[in-house]
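Asker: Below is the file protein.cif, with mmCIF, C-alpha atoms.
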data_final
#
loop_
_atom_site.label_atom_id
_atom_site.label_comp_id
_atom_site.auth_asym_id
_atom_site.auth_seq_id
_atom_site.Cartn_x
_atom_site.Cartn_y
_atom_site.Cartn_z
CA MET H 126 0.67 132.64 63.51
CA PRO H 127 0.99 129.73 65.94
CA ILE H 128 2.84 126.66 64.75
CA PRO H 129 2.45 123.27 66.47
CA PRO H 130 5.57 122.42 68.51
CA GLU H 131 6.01 119.12 66.68
CA VAL H 132 6.73 121.03 63.47
CA THR H 133 10.49 121.57 63.60
CA GLY H 134 11.26 122.72 60.08
CA ASP H 135 13.40 119.67 59.39
CA GLU H 136 10.53 118.29 57.31
CA ILE H 137 11.35 120.52 54.32
CA ASP H 138 13.13 119.21 51.22
CA ASP H 139 16.89 119.24 51.10
CA ASP H 140 17.02 121.68 48.19
CA VAL H 141 14.86 124.20 50.10
CA ARG H 142 17.00 123.75 53.21
CA GLN H 143 20.04 124.49 51.07
CA GLU H 144 18.50 127.77 49.94
CA LEU H 145 17.72 128.76 53.51
CA MET H 146 21.33 128.29 54.59
CA SER H 147 21.99 131.85 53.42
CA LEU H 148 19.86 133.06 56.35
CA PRO H 149 20.85 133.29 60.03
CA LYS H 150 20.13 129.99 61.79
CA GLY H 151 17.21 131.21 63.91
CA LEU H 152 15.58 132.98 60.98
CA ALA H 153 16.06 129.97 58.73
CA GLU H 154 14.29 127.80 61.30
CA ASP H 155 11.34 130.20 61.52
CA VAL H 156 11.02 130.34 57.75
CA SER H 157 11.29 126.58 57.33
CA ARG H 158 8.59 125.93 59.95
CA ASN H 159 6.22 128.30 58.15
CA LEU H 160 6.99 126.62 54.84
CA VAL H 161 6.19 123.24 56.38
CA MET H 162 2.80 124.59 57.48
CA VAL H 163 2.15 125.83 53.94
CA ALA H 164 2.90 122.38 52.53
CA GLN H 165 0.72 120.63 55.11
CA LEU H 166 -2.30 122.89 54.73
CA ILE H 167 -2.35 123.92 51.08
CA ASP H 168 -4.75 121.15 50.02
CA GLU H 169 -7.07 120.93 53.03
CA ASP H 170 -7.05 124.56 54.19
CA PRO H 171 -5.56 126.84 51.50
CA GLU H 172 -6.57 130.05 53.27
CA ARG H 173 -4.50 129.16 56.34
CA ALA H 174 -1.66 127.98 54.12
CA TYR H 175 -1.75 131.38 52.45
CA GLU H 176 -1.43 133.13 55.83
CA TYR H 177 1.64 131.08 56.73
CA SER H 178 3.15 131.82 53.33
CA ARG H 179 2.78 135.54 53.97
CA VAL H 180 4.71 135.16 57.23
CA ALA H 181 7.51 133.32 55.44
CA LEU H 182 7.49 135.98 52.74
CA ARG H 183 7.90 138.78 55.29
CA LEU H 184 10.84 136.94 56.83
CA ALA H 185 12.72 135.94 53.67
CA SER H 186 11.41 137.54 50.49
CA ARG H 187 14.77 137.13 48.73
CA VAL H 188 14.70 133.33 48.83
CA ALA H 189 13.34 131.74 45.65
CA ALA H 190 11.74 128.80 47.50
CA VAL H 191 9.81 131.22 49.70
CA ARG H 192 8.54 133.19 46.71
CA GLU H 193 7.53 129.93 45.03
CA ALA H 194 5.66 128.71 48.11
CA ALA H 195 3.90 132.07 48.38
CA GLY H 196 2.95 131.75 44.73
CA PHE H 197 1.40 128.32 45.14
CA ALA H 198 -0.48 129.43 48.26
CA ALA H 199 -1.89 132.43 46.40
CA TYR H 200 -2.71 130.18 43.43
CA ALA H 201 -4.58 127.75 45.71
CA THR H 202 -6.75 130.62 46.95
CA GLN H 203 -7.36 131.87 43.39
CA LYS H 204 -5.33 135.05 43.87
CA TYR H 205 -3.95 134.63 40.39
CA SER H 206 -2.42 138.07 39.91
CA GLU H 207 -0.51 137.77 43.17
CA ALA H 208 0.49 134.20 42.38
CA LEU H 209 1.85 135.20 38.97
CA ALA H 210 3.94 137.97 40.52
CA GLU H 211 5.45 135.54 43.04
CA PHE H 212 6.15 132.91 40.38
CA ARG H 213 7.87 135.48 38.19
CA ALA H 214 10.03 136.58 41.13
CA ALA H 215 10.94 132.97 41.95
CA ARG H 216 11.83 132.32 38.32
CA ARG H 217 14.07 135.39 38.16
CA MET H 218 15.90 134.24 41.28
CA SER H 219 16.29 130.58 40.30
CA GLY H 220 16.62 130.88 36.53
CA GLY H 221 14.53 127.72 36.04
CA VAL H 222 11.52 127.08 33.81
CA GLU H 223 9.62 124.65 36.02
CA LEU H 224 6.99 127.25 36.90
CA TRP H 225 6.17 128.11 33.28
CA PRO H 226 2.96 126.01 33.07
CA VAL H 227 1.48 127.31 36.32
CA MET H 228 2.38 130.85 35.31
CA ALA H 229 0.43 130.29 32.10
CA ASP H 230 -2.49 128.93 34.09
CA CYS H 231 -2.45 132.09 36.20
CA GLU H 232 -3.00 134.01 32.96
CA ARG H 233 -6.06 131.84 32.38
CA GLY H 234 -7.25 132.53 35.89
CA MET H 235 -6.96 136.25 35.21
CA GLY H 236 -9.17 135.90 32.14
CA ARG H 237 -6.34 136.04 29.59
CA PRO H 238 -6.36 132.65 27.85
CA GLU H 239 -4.72 134.10 24.75
CA ARG H 240 -1.61 134.89 26.81
CA ALA H 241 -1.57 131.32 28.14
CA LEU H 242 -1.65 130.04 24.55
CA ALA H 243 1.18 132.38 23.60
CA MET H 244 3.26 131.01 26.47
CA ALA H 245 2.55 127.46 25.24
CA GLY H 246 4.44 128.35 22.07
CA GLU H 247 7.48 129.89 23.75
CA PRO H 248 10.95 128.24 23.73
CA GLU H 249 10.75 127.70 27.50
CA VAL H 250 8.32 124.82 26.90
CA GLN H 251 11.04 122.82 25.15
CA LYS H 252 13.19 123.09 28.27
CA LEU H 253 10.54 121.50 30.47
CA ASP H 254 10.74 117.86 31.47
CA LYS H 255 8.05 115.45 30.29
CA ALA H 256 5.76 116.17 33.26
CA GLY H 257 6.10 119.90 32.65
CA GLN H 258 5.32 119.54 28.96
CA VAL H 259 2.19 117.52 29.73
CA GLU H 260 1.15 120.18 32.24
CA MET H 261 1.66 122.85 29.60
CA ARG H 262 -0.51 120.85 27.20
CA LEU H 263 -3.27 120.70 29.80
CA VAL H 264 -3.08 124.45 30.33
CA ALA H 265 -3.15 125.11 26.58
CA ALA H 266 -6.19 122.88 26.14
CA GLY H 267 -7.91 124.67 28.99
CA ALA H 268 -7.16 127.99 27.33
CA ARG H 269 -8.71 126.74 24.09
CA ARG H 270 -11.86 125.79 25.98
CA ASP H 271 -11.90 129.20 27.66
CA MET H 272 -11.98 130.71 24.19
CA GLY H 273 -14.80 128.42 23.05
CA GLN H 274 -12.50 126.36 20.80
CA LEU H 275 -13.62 122.94 21.97
CA ASP H 276 -12.44 120.94 18.94
CA ALA H 277 -9.03 122.61 19.16
CA ALA H 278 -8.84 121.68 22.85
CA ILE H 279 -9.47 118.03 21.98
CA VAL H 280 -6.77 118.08 19.32
CA THR H 281 -4.34 119.78 21.73
CA LEU H 282 -4.70 116.89 24.17
CA GLN H 283 -4.14 114.23 21.50
CA SER H 284 -0.49 113.33 21.96
CA PRO H 285 1.88 110.39 22.33
CA GLU H 286 1.55 110.75 26.10
CA LEU H 287 -2.22 110.31 25.83
CA ALA H 288 -1.93 107.31 23.52
CA SER H 289 0.70 105.60 25.67
CA GLY H 290 -0.38 102.69 27.82
CA ALA H 291 2.25 103.52 30.41
CA VAL H 292 1.06 105.12 33.64
CA HIS H 293 2.85 108.18 35.00
CA PRO H 294 1.89 110.62 37.79
CA TRP H 295 0.23 112.86 35.20
CA THR H 296 -1.52 110.12 33.17
CA ALA H 297 -4.85 110.18 35.04
CA ARG H 298 -5.20 113.95 34.76
CA LEU H 299 -4.37 113.94 31.05
CA ARG H 300 -6.88 111.20 30.28
CA TYR H 301 -9.48 112.91 32.48
CA ALA H 302 -9.06 116.24 30.68
CA TYR H 303 -9.45 114.50 27.33
CA ALA H 304 -12.58 112.66 28.50
CA ASP H 305 -14.06 115.89 29.84
CA ALA H 306 -13.45 117.68 26.55
CA LEU H 307 -15.03 114.82 24.61
CA LEU H 308 -18.07 114.92 26.86
CA ALA H 309 -18.41 118.67 26.39
CA ALA H 310 -18.36 118.05 22.63
CA GLY H 311 -21.23 115.56 22.93
CA ARG H 312 -19.06 112.51 22.22
CA ASP H 313 -20.41 110.57 25.20
CA ALA H 314 -19.29 107.06 24.21
CA GLU H 315 -15.70 108.16 23.69
CA ALA H 316 -15.82 110.22 26.87
CA ARG H 317 -16.93 107.20 28.86
CA GLU H 318 -14.06 105.16 27.46
CA TRP H 319 -11.51 107.78 28.50
CA PHE H 320 -13.01 108.39 31.93
CA ALA H 321 -12.62 104.64 32.48
CA LYS H 322 -9.00 104.85 31.36
CA ALA H 323 -8.45 107.80 33.68
CA LEU H 324 -9.92 105.84 36.60
CA GLU H 325 -7.65 102.92 35.76
CA ALA H 326 -4.59 105.17 36.07
CA ASP H 327 -5.84 107.14 39.06
CA LYS H 328 -4.37 105.15 41.93
CA ASP H 329 -4.34 108.11 44.33
CA GLY H 330 -7.87 109.40 43.69
CA ALA H 331 -6.62 112.65 42.15
CA THR H 332 -9.71 112.90 39.91
CA ASP H 333 -13.43 112.18 40.27
CA ALA H 334 -13.40 109.91 37.23
CA SER H 335 -15.52 107.29 39.01
CA ASP H 336 -18.24 109.86 39.71
CA ARG H 337 -18.19 111.05 36.11
CA LEU H 338 -18.56 107.48 34.89
CA ALA H 339 -21.53 106.99 37.18
CA GLN H 340 -23.15 110.16 35.86
CA ILE H 341 -22.76 109.00 32.26
CA ASP H 342 -24.23 105.60 33.17
CA GLY H 343 -27.12 107.24 35.01
CA VAL H 344 -26.19 105.72 38.36
CA GLU H 345 -27.44 107.61 41.42
CA PHE H 346 -25.87 107.09 44.82
CA VAL H 347 -28.07 107.33 47.91
CA ASP H 348 -26.43 108.70 51.02
CA ALA H 349 -27.11 106.21 53.78
CA PHE H 350 -26.55 108.94 56.32
CA ASP H 351 -28.74 111.58 54.71
CA ASP H 352 -30.32 113.55 57.57
CA SER H 353 -33.29 114.49 55.41
CA ASP H 354 -34.16 110.81 55.01
CA ASP H 355 -34.01 110.33 58.77
CA GLU H 356 -36.29 113.32 59.28
CA ASP H 357 -38.79 111.91 56.79
CA GLU H 358 -38.76 108.56 58.61
CA VAL H 359 -39.34 110.27 61.97
CA GLU H 360 -42.25 112.23 60.50
CA ASP H 361 -43.75 109.02 59.08
CA VAL H 362 -43.46 107.29 62.46
CA GLU H 363 -45.07 110.26 64.21
CA ASP H 364 -47.88 110.33 61.64
CA ASP H 365 -48.51 106.62 62.16
CA ARG H 366 -48.49 107.11 65.93
CA ASP H 367 -51.04 109.95 65.67
CA GLU H 368 -53.26 107.80 63.48
CA ASP H 369 -53.06 104.93 65.98
CA VAL H 370 -53.99 107.22 68.88
CA GLU H 371 -56.96 108.59 66.93
CA ASP H 372 -58.10 105.06 66.11
CA ASP H 373 -57.86 104.09 69.80
CA ARG H 374 -59.99 107.10 70.74
CA GLU H 375 -62.63 106.17 68.20
CA ASP H 376 -62.67 102.59 69.47
CA ALA H 377 -63.10 103.76 73.06
CA SER H 378 -65.91 106.05 72.01
CA ASP H 379 -67.66 103.16 70.35
CA VAL H 380 -67.38 101.06 73.48
CA VAL H 381 -69.13 103.63 75.68
CA SER H 382 -71.65 104.84 73.12
CA ASP H 383 -75.24 105.39 74.23
CA ASP H 384 -76.46 102.50 72.18
CA ASP H 385 -74.30 100.03 74.17
CA VAL H 386 -75.11 101.34 77.69
CA ASP H 387 -77.79 99.50 79.70
CA PRO H 388 -80.83 101.80 80.14
CA ASP H 389 -80.93 100.95 83.86
CA GLU H 390 -77.37 102.25 84.29
CA ARG H 391 -78.11 105.68 82.83
#
Since I need it in another form, could you write the structure as structure tokens?

Answerer:
Amino acid sequence: MPIPPEVTGDEIDDDVRQELMSLPKGLAEDVSRNLVMVAQLIDEDPERAYEYSRVALRLASRVAAVREAAGFAAYATQKYSEALAEFRAARRMSGGVELWPVMADCERGMGRPERALAMAGEPEVQKLDKAGQVEMRLVAAGARRDMGQLDAAIVTLQSPELASGAVHPWTARLRYAYADALLAAGRDAEAREWFAKALEADKDGATDASDRLAQIDGVEFVDAFDDSDDEDEVEDVEDDRDEDVEDDREDASDVVSDDDVDPDER
């Protein structure tokens, strides 16, 4: 696949570059450029990101960073079985546990929430950093909801991290998940409170907490650029114009009616 010439491969993280040093220089450059494309496209165009990840995978399938990138690209396109296989391969190569939560979420995506819950109770969770543990809690709560255990999902999300007033990169998503679970349980007032707290922590716009708040408050936004509104206005103008023309015709007809014409001019 074509790669823009401005993408050199030097944009990748140092730890990934270190892994690629085991490859011949030219090959390492090709792989790194494809990995850069994956990172740039995975949010806005996951399908294209997936294609670049497959190229990198063909070139260097024995590099853990490549398998991980391929896993995230597959995950972004909802190819959960494929993503799980790539994450497992990356974990075997690296020996780390960082991918444990997303592996569990792949189980959810494959319709196996009970396996995700089982993974939430494994010793690997204790080896995760705080962000990873919060992520695992989110996955476990999602699995509970998948199984129809809404109250259990709410309890799962209740934690010191949720109660803390400190704001971390994961704070908005944790508060949002809790608010969403409360809303699903019919606890609207509490849900509104937590959506507001999520919005307060969401500096990067990672959630749609503001939209959810508006929905709860019954606020409707009108799109100022709605084409349908423009079409309606055009139709109204045309209708008015047709009515004016018809009125003009009737007026003209009245002016030249037989009753108003001089008998000598007939």

Asker: Which one of H:Glu172, H:Asp336, H:Asp276, H:Asp135 sits closest to Ala321 in chain H if you count only C-alpha atoms?

Answerer: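 With only C-alpha atoms as the atom set, the closest residue is H:Asp336.
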
Asker: Which residues, written as a list in words, have at least one atom at most 12 Å from Met244 in chain H, with all atoms listed in the file counted and residues fewer than 2 positions away on the same chain left out?

Answerer: Val222, Leu224, Trp225, Pro226, Val227, Met228, Ala229, Asp230, Cys231, Glu232, Arg233, Arg237, Pro238, Glu239, Arg240, Ala241, Leu242, Gly246, Glu247, Pro248, Glu249, Val250, Gln251, Gln258, Met261, Arg262, Val264, Ala265 and Ala268 of chain H

Asker: Calculated over only C-alpha atoms, which of the candidates H:Ala164, H:Ala174, H:Ala243, H:Ala185 has the smallest distance to Pro149 in chain H?

Answerer: H:Ala185

Asker: CA of Tyr301 in chain H and CA of Arg269 in chain H are how many Å apart?

Answerer: 16.2 Å

Asker: Just how far from CA of Gln203 in chain H is CA of Glu144 in chain H, in Å to one decimal?

Answerer: 27.0 Å

Asker: Determine the residue membership of the PyMOL selection byres ((chain H and resi 296) around 9) for the file above and supply it as a ChimeraX atom specification.

Answerer: /H:259,286-287,291-295,297-301,323,326-327

Asker: Suppose you want the space between CA of Leu145 in chain H and CA of Ala190 in chain H; what is it in Å?

Answerer: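 Pair CA of Leu145 in chain H / CA of Ala190 in chain H returns 8.5 Å.
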
Asker: Pick from H:Gly220, H:Val188, H:Arg270, H:Ile279: nearest to Lys252 in chain H, with all atoms listed in the file counted?

Answerer: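 Closest residue, counting all atoms listed in the file: H:Gly220.
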
Asker: Please identify all polymer residues within 12 Å of Glu193 in chain H, counting all atoms listed in the file, omitting same-chain residues fewer than 4 positions from it, and present them as a PDB file with C-alpha atoms, keeping the file's coordinate frame.

Answerer:
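The new file out_18.pdb reads:
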ATOM      1  CA  VAL H 141      14.860 124.200  50.100  1.00  0.00           C
ATOM      2  CA  LEU H 160       6.990 126.620  54.840  1.00  0.00           C
ATOM      3  CA  VAL H 163       2.150 125.830  53.940  1.00  0.00           C
ATOM      4  CA  ALA H 164       2.900 122.380  52.530  1.00  0.00           C
ATOM      5  CA  TYR H 175      -1.750 131.380  52.450  1.00  0.00           C
ATOM      6  CA  SER H 178       3.150 131.820  53.330  1.00  0.00           C
ATOM      7  CA  ARG H 179       2.780 135.540  53.970  1.00  0.00           C
ATOM      8  CA  ALA H 181       7.510 133.320  55.440  1.00  0.00           C
ATOM      9  CA  LEU H 182       7.490 135.980  52.740  1.00  0.00           C
ATOM     10  CA  ALA H 185      12.720 135.940  53.670  1.00  0.00           C
ATOM     11  CA  SER H 186      11.410 137.540  50.490  1.00  0.00           C
ATOM     12  CA  ARG H 187      14.770 137.130  48.730  1.00  0.00           C
ATOM     13  CA  VAL H 188      14.700 133.330  48.830  1.00  0.00           C
ATOM     14  CA  ALA H 189      13.340 131.740  45.650  1.00  0.00           C
ATOM     15  CA  PHE H 197       1.400 128.320  45.140  1.00  0.00           C
ATOM     16  CA  ALA H 198      -0.480 129.430  48.260  1.00  0.00           C
ATOM     17  CA  ALA H 199      -1.890 132.430  46.400  1.00  0.00           C
ATOM     18  CA  TYR H 200      -2.710 130.180  43.430  1.00  0.00           C
ATOM     19  CA  GLU H 207      -0.510 137.770  43.170  1.00  0.00           C
ATOM     20  CA  ALA H 208       0.490 134.200  42.380  1.00  0.00           C
ATOM     21  CA  LEU H 209       1.850 135.200  38.970  1.00  0.00           C
ATOM     22  CA  ALA H 210       3.940 137.970  40.520  1.00  0.00           C
ATOM     23  CA  GLU H 211       5.450 135.540  43.040  1.00  0.00           C
ATOM     24  CA  PHE H 212       6.150 132.910  40.380  1.00  0.00           C
ATOM     25  CA  ARG H 213       7.870 135.480  38.190  1.00  0.00           C
ATOM     26  CA  ALA H 214      10.030 136.580  41.130  1.00  0.00           C
ATOM     27  CA  ALA H 215      10.940 132.970  41.950  1.00  0.00           C
ATOM     28  CA  ARG H 216      11.830 132.320  38.320  1.00  0.00           C
ATOM     29  CA  ARG H 217      14.070 135.390  38.160  1.00  0.00           C
ATOM     30  CA  MET H 218      15.900 134.240  41.280  1.00  0.00           C
ATOM     31  CA  SER H 219      16.290 130.580  40.300  1.00  0.00           C
ATOM     32  CA  GLY H 221      14.530 127.720  36.040  1.00  0.00           C
ATOM     33  CA  GLU H 223       9.620 124.650  36.020  1.00  0.00           C
ATOM     34  CA  LEU H 224       6.990 127.250  36.900  1.00  0.00           C
ATOM     35  CA  TRP H 225       6.170 128.110  33.280  1.00  0.00           C
ATOM     36  CA  VAL H 227       1.480 127.310  36.320  1.00  0.00           C
ATOM     37  CA  MET H 228       2.380 130.850  35.310  1.00  0.00           C
TER      38      MET H 228
END

Asker: Any idea what's packed within 7 Å of Ser157 in chain H, counting only C-alpha atoms, ignoring anything in its chain fewer than 4 positions away? Could you give it as a list in words?

Answerer: Gly134, Ile137, Ala153 and Val161 of chain H
